[in-house]
Amino acid sequence: MMESQWLFSLGGGMLTGLSALVLMLFNGRVAGISGILAGALQHKAPWRLLFLLGLGAGAWLALSLDWATMPRFTTLPSWPVVLLAGLLVGIGTRLGNGCTSGHGICGMGRLSMRSIVATLTFMAVGFLTVFLTHHLFRG
């Protein structure tokens with residue numbers, strides 16, 4: 001499994017970057033998911049809904065295909081934990097003026113200093129969270 005997993009990661013990263021580039025070239029918009037979702041909820045341009053449907057369809061396709069090399073989840077968090085995590089991500093997105101896709105993919109690609117700092121902060125907090133939950137507070 002591990003020998004080909006990097007190929008899926010590389011392919012997914014390339015497709016994500018390509019979709020961000022295509023959206024910027026043809027629509028003049030940054031592919032930040034939080035901004036796209038906010039605009040879709042306010043009934044702005046219909047492309048936003050199509051973009052979000054494509055994200056959902058891609059996730060469904062990846063989960064429905066029986067790929068032997070796809071990693072399997074053995075334990076999943078409870079719904080209250082998932083909802084709390086989603087709420088915290090939403091708050092962080094508003095505080096950071098964008099999400100990981102907007103800052104990490106599009107902003108860093110444009111060499112935006114604000115996006116570089118935001119992405120470094122996301123990564124540092126992610127590393128700290130993994131360290132705390134998997135090494136320090138392991139029950």
# chains A, B, ... in the order shown; residues from 1 in each chain; ligands from 1

call {"tool": "select_by_dssp", "arguments": {"residues": "region 21-72 of chain A", "states": "helix (DSSP H, G or I)", "output": "VMD selection string"}}
result
chain A and resid 21 to 27 33 to 41 47 to 64

call {"tool": "residues_around", "arguments": {"residues": "Gly17 (chain A)", "least_positions_apart": "4", "cutoff": "7 Å", "atoms": "only C-alpha atoms", "output": "ChimeraX atom specification"}}
result
/A:13,21,105

call {"tool": "closest_residue", "arguments": {"among": "A:His135, A:Phe51, A:Gly11, A:Ala31", "to": "Gly109 (chain A)", "atoms": "only C-alpha atoms"}}
result
A:Ala31

call {"tool": "atom_distance", "arguments": {"atom1": "CA of Phe8 (chain A)", "atom2": "CA of Cys99 (chain A)"}}
result
22.9 Å

call {"tool": "atom_distance", "arguments": {"atom1": "CA of Leu49 (chain A)", "atom2": "CA of Ala118 (chain A)"}}
result
26.2 Å

call {"tool": "atom_distance", "arguments": {"atom1": "CA of Thr119 (chain A)", "atom2": "CA of Gly104 (chain A)"}}
result
5.5 Å

call {"tool": "residues_around", "arguments": {"residues": "Gly54 (chain A)", "least_positions_apart": "5", "cutoff": "12 Å", "atoms": "only C-alpha atoms", "output": "PDB file with N, CA, C and O atoms, in the first residue's frame"}}
result
ATOM      1  N   THR A  16      -5.602  19.399  -7.533  1.00  0.00           N
ATOM      2  CA  THR A  16      -6.037  20.541  -6.727  1.00  0.00           C
ATOM      3  C   THR A  16      -5.408  21.828  -7.240  1.00  0.00           C
ATOM      4  O   THR A  16      -6.095  22.847  -7.407  1.00  0.00           O
ATOM      5  N   SER A  19      -6.988  22.757 -10.597  1.00  0.00           N
ATOM      6  CA  SER A  19      -8.329  23.340 -10.477  1.00  0.00           C
ATOM      7  C   SER A  19      -8.268  24.779  -9.969  1.00  0.00           C
ATOM      8  O   SER A  19      -9.023  25.641 -10.422  1.00  0.00           O
ATOM      9  N   ILE A  33     -12.156  27.510  -0.353  1.00  0.00           N
ATOM     10  CA  ILE A  33     -13.431  26.828  -0.158  1.00  0.00           C
ATOM     11  C   ILE A  33     -14.364  27.609   0.761  1.00  0.00           C
ATOM     12  O   ILE A  33     -15.573  27.670   0.530  1.00  0.00           O
ATOM     13  N   TRP A  47     -21.625  29.068 -10.354  1.00  0.00           N
ATOM     14  CA  TRP A  47     -20.436  28.224 -10.445  1.00  0.00           C
ATOM     15  C   TRP A  47     -19.994  27.756  -9.069  1.00  0.00           C
ATOM     16  O   TRP A  47     -19.383  26.695  -8.931  1.00  0.00           O
ATOM     17  N   ARG A  48     -20.307  28.548  -8.035  1.00  0.00           N
ATOM     18  CA  ARG A  48     -19.908  28.175  -6.676  1.00  0.00           C
ATOM     19  C   ARG A  48     -20.569  26.869  -6.248  1.00  0.00           C
ATOM     20  O   ARG A  48     -19.926  26.003  -5.661  1.00  0.00           O
ATOM     21  N   LEU A  49     -21.835  26.733  -6.527  1.00  0.00           N
ATOM     22  CA  LEU A  49     -22.546  25.511  -6.178  1.00  0.00           C
ATOM     23  C   LEU A  49     -21.986  24.327  -6.966  1.00  0.00           C
ATOM     24  O   LEU A  49     -21.806  23.237  -6.418  1.00  0.00           O
ATOM     25  N   ALA A  59     -15.185  13.275  -3.512  1.00  0.00           N
ATOM     26  CA  ALA A  59     -15.056  12.526  -2.257  1.00  0.00           C
ATOM     27  C   ALA A  59     -15.880  11.246  -2.311  1.00  0.00           C
ATOM     28  O   ALA A  59     -15.416  10.170  -1.900  1.00  0.00           O
ATOM     29  N   TRP A  60     -17.094  11.341  -2.833  1.00  0.00           N
ATOM     30  CA  TRP A  60     -17.937  10.152  -2.955  1.00  0.00           C
ATOM     31  C   TRP A  60     -17.294   9.120  -3.869  1.00  0.00           C
ATOM     32  O   TRP A  60     -17.270   7.923  -3.561  1.00  0.00           O
ATOM     33  N   LEU A  61     -16.739   9.563  -4.989  1.00  0.00           N
ATOM     34  CA  LEU A  61     -16.095   8.654  -5.926  1.00  0.00           C
ATOM     35  C   LEU A  61     -14.905   7.956  -5.274  1.00  0.00           C
ATOM     36  O   LEU A  61     -14.734   6.739  -5.400  1.00  0.00           O
TER      37      LEU A  61
END

call {"tool": "residues_around", "arguments": {"residues": "Ala38 (chain A)", "least_positions_apart": "3", "cutoff": "12 Å", "atoms": "only C-alpha atoms", "output": "VMD selection string"}}
result
chain A and resid 32 to 35 41 to 45 48 to 49 52 90 93 to 94 98 to 99
